[in-house]
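Encoded as structure tokens, the structure appears first; notes follow it.
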Amino acid sequence: MGSWPENVGILALEMYFPSQFVDQTELEQFDGASAGKYTIGLGQQKMGFCNDREDINSLCLTVVKNLLEHYSIKPEEIGRLEVGTETIIDKSKSVKTVLMQLFTPHGVTDIEGIDTTNACFGGTAALFNAISWLESSAWNGRFALVVAADIAVYAKGAARPTGGAGAVAMLLGPNAPLVFDRGVRGFFCKHAYDFYKPDLNSEYPVVDGKLSVQCYLEALDNCYQLYCKNVEKKTQVPVNLNYFDAVLFHTPYCKLVQKSVGRLALNDFHRTPDNKKSELFPGSERFCSVKLEESYFDRDVEKAFLAYSNEAFINKTKPSLLIASQIGNMYTSSLYGGLVSFVLSKDISELQGSKVALFSYGSGLASSFFSLKIQEGSSTALEQMKNNLNCIRSKLEQRVKINPQEFESTLELRQKSSHTAPYEATGQTSHFFPGTYYLTKIDEQHRRSYSIAQNPITNGHS
């Protein structure tokens, strides 16, 4: 146990999302929004959501049970379990302790780890904690399991179409096919009230939309610059967008991600020697005096660098937006849904050797830019991962479409019943994917009970 574990990274990936959705075009019409406001302006197509049968516990129970079963992982092989979420249903009891129901029947109780919370960054913080454990003297030779999950809902208004829900589970250990780069990640943290949840009786956040975009871009600038500095110091290799085969982002909505690729190009422009600027960025001379901190909402800068980075966006980032465009913002699991989408988008031969950048952002705020490499010669592990994830496309198609009026009624029910006890859940369960955990009741002492869906999903429309 004295040796440093090699090639620590992701050995297995599992994803869960709700089996019902609302169409964003129909939601535009229902809300009286201009045509294309959600689909073009935000880049969203469909939005997954949960009725009162699903909560953060049920999402996490489902995704962890599926990972253990699909990869034939024995409960005793897990030595650390970390949960990242901002969907809080108890101010004391962690989701991780709820997940121990999957382990204690097997006599397994010595699993380290607990929940981590800071908006959408909790999943990444949980991931970093797990990596640190695997690379420390505390590591006992077992796997780490990281769960990032959330239910994102908003009050009726401009932010509501940026909701979503989902969970991603990641099995971590040495000799992985997806290996995290050591000693190079950039981190940025500061105090901001861009998005927060001060009302403990409501699922809805308080959002300052313009400030949130500014904070996101400021964090991206700072994290990327520090990442570049760390890589160049360690390897003497210059870093720019060409350094990566894929660039993945936390995705509040897809249009912001496209703008973020342009933002990285703007950073590359500022880091390019003056005598090279016109060669690499033709016609860019008028932007030489532009300061990053004054350009967050400069439309001329944004338009120009969207154009400079368009090819990079199409090749390196757009493939990662499949799930985000179809499900919406999944908060802590959003970035890792992008990783799942990227793995699905390529053949194994294309994936091997890829350098993948990841930007994680959580309001309030905490953020990081880091990277991983998909190992050459990892075809067997990659094939197992891809085979397990291949069902995602069909499950996206199997979901049941719910009309906007029923979607709104469902969110009203969730809001009214939030933290209610005792409570008998009333939502439909017939559309659930087989194996989905769902809430049955909350008793007088706020103790929650769950069942598991056995029915085959029926494709249909409401």
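Following the order of the structure tokens, chains are lettered A, B, ..., residues in each are numbered from 1, and ligands are numbered from 1.
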Range 380-397 of chain A surroundings by only C-alpha atoms, 10 Å radius, close-in-sequence under 4 positions cut, as a VMD selection string:
chain A and resid 10 to 21 48 67 70 to 71 176 to 178 322 to 323 326 to 327 340 to 341 343 to 349 351 to 352 374 to 375 401 433 457 459
Counting only C-alpha atoms, what is within 8 Å of Ala357 in chain A, bar same-chain residues fewer than 4 positions away, as JSON, numbers by chain?
{"A": [244, 246, 247, 248, 369, 370, 371, 372]}
Closest contacts (range 180-218 of chain A/range 222-231 of chain A, max 6 Å, only C-alpha atoms) as JSON lines:
{"residue": "A:Val184", "atom": "CA", "partner": "A:Asn230", "partner_atom": "CA", "distance": 4.9}
{"residue": "A:Arg185", "atom": "CA", "partner": "A:Tyr227", "partner_atom": "CA", "distance": 5.2}
{"residue": "A:Gly186", "atom": "CA", "partner": "A:Tyr227", "partner_atom": "CA", "distance": 4.4}
{"residue": "A:Phe187", "atom": "CA", "partner": "A:Cys223", "partner_atom": "CA", "distance": 5.3}
{"residue": "A:Phe188", "atom": "CA", "partner": "A:Cys223", "partner_atom": "CA", "distance": 5.8}
Which residue is closest to Met47 in chain A? Choose from A:Val290, A:Cys120, A:Gly377, A:Leu27 and count only C-alpha atoms.
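Among the listed residues, A:Leu27 lies closest to Met47 in chain A.
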Name the residues of range 37-216 of chain A that fall into strand (DSSP E or B) according to DSSP on the backbone, using the chain letters and numbers of this document, as a CSV table (one decimal) with N, CA and C atoms, in the first residue's frame.
chain,number,residue,atom,x,y,z
A,46,LYS,N,-35.5,20.0,-25.1
A,46,LYS,CA,-36.5,19.4,-24.2
A,46,LYS,C,-35.9,19.5,-22.8
A,47,MET,N,-36.8,19.4,-21.8
A,47,MET,CA,-36.4,19.5,-20.4
A,47,MET,C,-37.0,18.4,-19.6
A,48,GLY,N,-36.1,17.6,-18.9
A,48,GLY,CA,-36.6,16.6,-18.0
A,48,GLY,C,-37.0,17.2,-16.7
A,78,ILE,N,-16.3,-1.2,-2.6
A,78,ILE,CA,-16.3,0.3,-2.5
A,78,ILE,C,-15.8,0.7,-1.2
A,79,GLY,N,-14.8,1.6,-1.2
A,79,GLY,CA,-14.2,2.1,0.1
A,79,GLY,C,-14.5,3.5,0.4
A,80,ARG,N,-15.0,4.2,-0.6
A,80,ARG,CA,-15.4,5.6,-0.3
A,80,ARG,C,-16.6,6.0,-1.2
A,81,LEU,N,-17.5,6.7,-0.7
A,81,LEU,CA,-18.7,7.1,-1.4
A,81,LEU,C,-19.0,8.6,-1.1
A,82,GLU,N,-18.9,9.4,-2.2
A,82,GLU,CA,-19.1,10.8,-2.1
A,82,GLU,C,-20.3,11.2,-2.9
A,83,VAL,N,-21.1,12.1,-2.3
A,83,VAL,CA,-22.3,12.7,-3.0
A,83,VAL,C,-22.1,14.2,-3.1
A,84,GLY,N,-22.3,14.7,-4.4
A,84,GLY,CA,-22.3,16.1,-4.6
A,84,GLY,C,-23.7,16.5,-5.0
A,112,GLU,N,-16.0,5.3,3.6
A,112,GLU,CA,-15.8,6.7,4.0
A,112,GLU,C,-16.6,7.7,3.0
A,115,ASP,N,-21.6,14.0,2.0
A,115,ASP,CA,-22.1,14.9,1.0
A,115,ASP,C,-21.3,16.2,0.9
A,116,THR,N,-21.2,16.8,-0.3
A,116,THR,CA,-20.6,18.1,-0.5
A,116,THR,C,-21.5,19.0,-1.2
A,118,ASN,N,-22.1,23.0,-2.8
A,118,ASN,CA,-22.0,24.4,-3.2
A,118,ASN,C,-22.5,24.5,-4.6
A,120,CYS,N,-23.7,24.2,-8.2
A,120,CYS,CA,-23.4,23.1,-9.2
A,120,CYS,C,-22.0,22.6,-9.1
A,143,PHE,N,-12.3,0.8,-4.5
A,143,PHE,CA,-12.7,1.8,-5.4
A,143,PHE,C,-13.4,3.0,-4.6
A,144,ALA,N,-13.4,4.1,-5.3
A,144,ALA,CA,-14.2,5.2,-4.8
A,144,ALA,C,-15.4,5.4,-5.7
A,145,LEU,N,-16.6,5.8,-5.2
A,145,LEU,CA,-17.8,6.0,-6.0
A,145,LEU,C,-18.3,7.4,-5.7
A,146,VAL,N,-18.4,8.2,-6.8
A,146,VAL,CA,-18.8,9.6,-6.7
A,146,VAL,C,-20.2,9.7,-7.4
A,147,VAL,N,-21.1,10.4,-6.7
A,147,VAL,CA,-22.5,10.6,-7.3
A,147,VAL,C,-22.7,12.1,-7.4
A,148,ALA,N,-23.1,12.6,-8.5
A,148,ALA,CA,-23.5,14.0,-8.7
A,148,ALA,C,-24.9,14.0,-9.2
A,149,ALA,N,-25.8,14.6,-8.4
A,149,ALA,CA,-27.2,14.5,-8.8
A,149,ALA,C,-28.0,15.8,-8.3
A,150,ASP,N,-29.0,16.2,-9.0
A,150,ASP,CA,-29.8,17.3,-8.6
A,150,ASP,C,-31.1,17.3,-9.4
A,151,ILE,N,-32.1,18.0,-8.8
A,151,ILE,CA,-33.3,18.4,-9.4
A,151,ILE,C,-33.4,19.9,-9.5
A,152,ALA,N,-33.3,20.4,-10.7
A,152,ALA,CA,-33.2,21.9,-10.9
A,152,ALA,C,-34.6,22.4,-11.3
A,164,GLY,N,-34.1,21.2,-15.1
A,164,GLY,CA,-33.7,19.9,-15.6
A,164,GLY,C,-33.5,19.0,-14.3
A,165,ALA,N,-33.1,17.8,-14.6
A,165,ALA,CA,-32.9,16.8,-13.5
A,165,ALA,C,-32.1,15.6,-14.0
A,166,GLY,N,-31.2,15.1,-13.1
A,166,GLY,CA,-30.4,13.9,-13.5
A,166,GLY,C,-29.4,13.6,-12.5
A,167,ALA,N,-28.8,12.4,-12.7
A,167,ALA,CA,-27.7,11.9,-11.8
A,167,ALA,C,-26.7,11.2,-12.6
A,168,VAL,N,-25.4,11.4,-12.2
A,168,VAL,CA,-24.3,10.6,-12.8
A,168,VAL,C,-23.5,10.0,-11.7
A,169,ALA,N,-23.2,8.7,-11.8
A,169,ALA,CA,-22.3,8.0,-10.9
A,169,ALA,C,-21.0,7.6,-11.6
A,170,MET,N,-19.9,7.8,-10.9
A,170,MET,CA,-18.6,7.5,-11.5
A,170,MET,C,-17.8,6.6,-10.5
A,171,LEU,N,-17.3,5.5,-11.0
A,171,LEU,CA,-16.5,4.6,-10.2
A,171,LEU,C,-15.0,5.0,-10.5
A,172,LEU,N,-14.3,5.3,-9.5
A,172,LEU,CA,-12.9,5.7,-9.6
A,172,LEU,C,-11.9,4.7,-9.0
A,173,GLY,N,-10.8,4.7,-9.6
A,173,GLY,CA,-9.7,3.8,-9.1
A,173,GLY,C,-8.5,3.9,-10.0
A,178,LEU,N,-10.1,6.6,-18.2
A,178,LEU,CA,-10.2,8.1,-18.2
A,178,LEU,C,-9.3,8.6,-17.0
A,179,VAL,N,-8.1,9.1,-17.3
A,179,VAL,CA,-7.2,9.4,-16.3
A,179,VAL,C,-7.1,10.9,-16.1
A,180,PHE,N,-7.2,11.4,-14.8
A,180,PHE,CA,-7.2,12.8,-14.5
A,180,PHE,C,-5.7,13.3,-14.5
A,186,GLY,N,-6.8,24.5,-12.5
A,186,GLY,CA,-7.0,25.8,-12.1
A,186,GLY,C,-8.2,26.0,-11.2
A,187,PHE,N,-8.2,26.8,-10.2
A,187,PHE,CA,-9.3,26.9,-9.3
A,187,PHE,C,-9.6,28.4,-9.0
A,188,PHE,N,-10.9,28.8,-8.9
A,188,PHE,CA,-11.3,30.1,-8.6
A,188,PHE,C,-12.5,30.1,-7.7
A,189,CYS,N,-12.4,30.9,-6.6
A,189,CYS,CA,-13.5,30.9,-5.6
A,189,CYS,C,-13.6,32.3,-5.1
A,195,PHE,N,-26.7,33.3,-7.5
A,195,PHE,CA,-27.7,32.2,-7.4
A,195,PHE,C,-27.5,31.6,-6.1
A,196,TYR,N,-28.6,31.5,-5.3
A,196,TYR,CA,-28.5,30.9,-4.0
A,196,TYR,C,-29.9,30.5,-3.5
A,206,VAL,N,-33.0,32.0,-5.6
A,206,VAL,CA,-33.0,33.4,-5.9
A,206,VAL,C,-31.9,33.5,-7.0
A,207,VAL,N,-32.2,34.2,-8.1
A,207,VAL,CA,-31.3,34.2,-9.3
A,207,VAL,C,-31.1,35.7,-9.8
Residue list (helix (DSSP H, G or I), DSSP) for range 206-329 of chain A, as a ChimeraX atom specification
/A:209-235,241-243,254-271,274-280,285-287,292-294,299-308,310-327
Since we have the selection now, will you write its residues out, keeping C-alpha atoms, as a tab-separated table (two decimals), in the first residue's frame?
chain	number	residue	atom	x	y	z
A	209	GLY	CA	-29.29	36.21	-14.21
A	210	LYS	CA	-26.92	38.88	-15.50
A	211	LEU	CA	-24.61	38.60	-12.49
A	212	SER	CA	-24.64	34.81	-12.82
A	213	VAL	CA	-23.41	35.00	-16.42
A	214	GLN	CA	-20.73	37.51	-15.42
A	215	CYS	CA	-19.56	35.32	-12.54
A	216	TYR	CA	-19.47	32.25	-14.80
A	217	LEU	CA	-17.32	34.02	-17.40
A	218	GLU	CA	-15.05	35.60	-14.77
A	219	ALA	CA	-14.51	32.18	-13.21
A	220	LEU	CA	-13.80	30.65	-16.63
A	221	ASP	CA	-11.21	33.35	-17.41
A	222	ASN	CA	-9.39	32.88	-14.11
A	223	CYS	CA	-9.50	29.08	-14.05
A	224	TYR	CA	-8.35	28.74	-17.66
A	225	GLN	CA	-5.47	31.18	-17.22
A	226	LEU	CA	-4.26	29.36	-14.12
A	227	TYR	CA	-4.62	25.97	-15.82
A	228	CYS	CA	-2.56	27.18	-18.78
A	229	LYS	CA	0.11	28.54	-16.43
A	230	ASN	CA	0.28	25.26	-14.50
A	231	VAL	CA	0.52	23.08	-17.62
A	232	GLU	CA	3.13	25.28	-19.25
A	233	LYS	CA	5.21	25.33	-16.06
A	234	LYS	CA	5.03	21.56	-15.75
A	235	THR	CA	5.44	20.53	-19.39
A	241	LEU	CA	-7.83	25.56	-27.67
A	242	ASN	CA	-5.75	23.42	-30.04
A	243	TYR	CA	-4.25	21.64	-27.02
A	254	CYS	CA	-26.34	25.32	-24.26
A	255	LYS	CA	-26.01	28.81	-25.70
A	256	LEU	CA	-23.84	29.90	-22.76
A	257	VAL	CA	-21.48	27.03	-23.52
A	258	GLN	CA	-21.06	28.16	-27.12
A	259	LYS	CA	-20.25	31.65	-25.85
A	260	SER	CA	-17.79	30.12	-23.38
A	261	VAL	CA	-15.78	28.50	-26.17
A	262	GLY	CA	-15.54	31.97	-27.68
A	263	ARG	CA	-14.42	33.21	-24.29
A	264	LEU	CA	-11.53	30.73	-24.28
A	265	ALA	CA	-10.57	31.99	-27.74
A	266	LEU	CA	-10.57	35.53	-26.35
A	267	ASN	CA	-8.24	34.38	-23.58
A	268	ASP	CA	-5.99	32.73	-26.17
A	269	PHE	CA	-5.98	36.02	-28.10
A	270	HIS	CA	-4.83	37.95	-25.03
A	271	ARG	CA	-2.11	35.39	-24.35
A	274	ASP	CA	1.31	40.90	-30.47
A	275	ASN	CA	3.28	39.96	-33.57
A	276	LYS	CA	1.20	36.78	-33.95
A	277	LYS	CA	-2.27	38.16	-33.23
A	278	SER	CA	-3.20	39.21	-36.77
A	279	GLU	CA	-1.99	35.88	-38.16
A	280	LEU	CA	-3.98	33.72	-35.74
A	285	GLU	CA	-6.52	44.46	-34.13
A	286	ARG	CA	-9.44	46.50	-32.74
A	287	PHE	CA	-9.68	44.15	-29.75
A	292	LEU	CA	-11.29	40.76	-20.07
A	293	GLU	CA	-13.04	42.11	-16.98
A	294	GLU	CA	-14.79	44.78	-19.07
A	299	ARG	CA	-21.55	42.17	-28.10
A	300	ASP	CA	-18.86	43.06	-30.66
A	301	VAL	CA	-16.23	41.04	-28.79
A	302	GLU	CA	-18.65	38.15	-28.28
A	303	LYS	CA	-19.66	38.04	-31.95
A	304	ALA	CA	-16.08	38.18	-33.21
A	305	PHE	CA	-14.76	35.45	-30.95
A	306	LEU	CA	-17.78	33.24	-31.55
A	307	ALA	CA	-16.70	33.37	-35.19
A	308	TYR	CA	-13.03	32.70	-34.40
A	310	ASN	CA	-16.86	28.28	-34.28
A	311	GLU	CA	-14.86	25.36	-35.68
A	312	ALA	CA	-13.54	24.52	-32.22
A	313	PHE	CA	-17.08	24.61	-30.82
A	314	ILE	CA	-18.44	22.30	-33.52
A	315	ASN	CA	-15.60	19.78	-33.21
A	316	LYS	CA	-14.63	19.92	-29.55
A	317	THR	CA	-17.74	20.94	-27.59
A	318	LYS	CA	-21.00	20.47	-29.50
A	319	PRO	CA	-20.83	16.63	-29.26
A	320	SER	CA	-20.95	17.00	-25.45
A	321	LEU	CA	-24.29	18.86	-25.49
A	322	LEU	CA	-26.59	15.99	-26.47
A	323	ILE	CA	-27.87	15.33	-22.96
A	324	ALA	CA	-27.94	19.00	-21.91
A	325	SER	CA	-30.09	19.94	-24.90
A	326	GLN	CA	-32.50	17.07	-24.25
A	327	ILE	CA	-32.71	17.17	-20.44
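CA of Tyr437 in chain A sits 24.5 Å away from CA of Asp23 in chain A.
Interatomic distance, CA of Asn51 in chain A to CA of Leu411 in chain A: 7.4 Å.
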So which residues touch Asp199 in chain A within 12 Å, counting only C-alpha atoms, skipping near sequence neighbours fewer than 6 positions away, as a short mmCIF file (atom, residue, chain, number, x, y, z; two decimals) with N, CA and C atoms, in the first residue's frame?
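Written file, part_35.cif:
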data_model
loop_
_atom_site.label_atom_id
_atom_site.label_comp_id
_atom_site.auth_asym_id
_atom_site.auth_seq_id
_atom_site.Cartn_x
_atom_site.Cartn_y
_atom_site.Cartn_z
N ILE A 88 -31.29 19.82 -1.34
CA ILE A 88 -31.24 19.48 0.08
C ILE A 88 -32.64 19.20 0.62
N PRO A 205 -34.57 28.74 -6.31
CA PRO A 205 -33.46 29.62 -5.94
C PRO A 205 -33.81 31.10 -6.15
N VAL A 206 -32.96 31.95 -5.60
CA VAL A 206 -32.95 33.37 -5.95
C VAL A 206 -31.87 33.54 -7.01
N GLN A 415 -43.84 22.34 -5.25
CA GLN A 415 -43.62 23.51 -4.40
C GLN A 415 -44.52 23.49 -3.16
N SER A 418 -43.38 20.67 -0.71
CA SER A 418 -42.00 20.69 -0.26
C SER A 418 -41.92 20.71 1.26
N HIS A 419 -41.24 19.72 1.83
CA HIS A 419 -41.03 19.58 3.27
C HIS A 419 -42.32 19.30 4.05
#
Of the residues A:Gly328, A:Pro5, A:Gly435, A:Gly107, which is the one nearest to Arg160 in chain A, using only C-alpha atoms?
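Distance minimum relative to Arg160 in chain A lands on A:Gly328.
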I need the residue nearest Thr87 in chain A from this list: A:Pro282, A:Gly41, A:Gly113, A:Gly123. Use only C-alpha atoms for the distance.
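Nearest candidate to Thr87 in chain A out of A:Pro282, A:Gly41, A:Gly113, A:Gly123: A:Gly123.
Our summary of the geometry notes that CA of Asn240 in chain A is positioned 13.1 Å from CA of Phe281 in chain A.
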For a quick check of understanding, using only C-alpha atoms, which of A:Met330, A:Ile40, A:Ala155, A:Ile402 has the smallest distance to Leu59 in chain A?
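Result for the nearest residue to Leu59 in chain A: A:Met330.
Compared by their closest atoms to Lys355 in chain A, and using only C-alpha atoms, the residues A:Glu406, A:His250, A:Ser92, A:Phe342 rank with A:Phe342 nearest.
Nearest residue to Phe121 in chain A among A:Thr251, A:Ser309, A:Thr426, A:Asn140 is A:Thr251, counting only C-alpha atoms.
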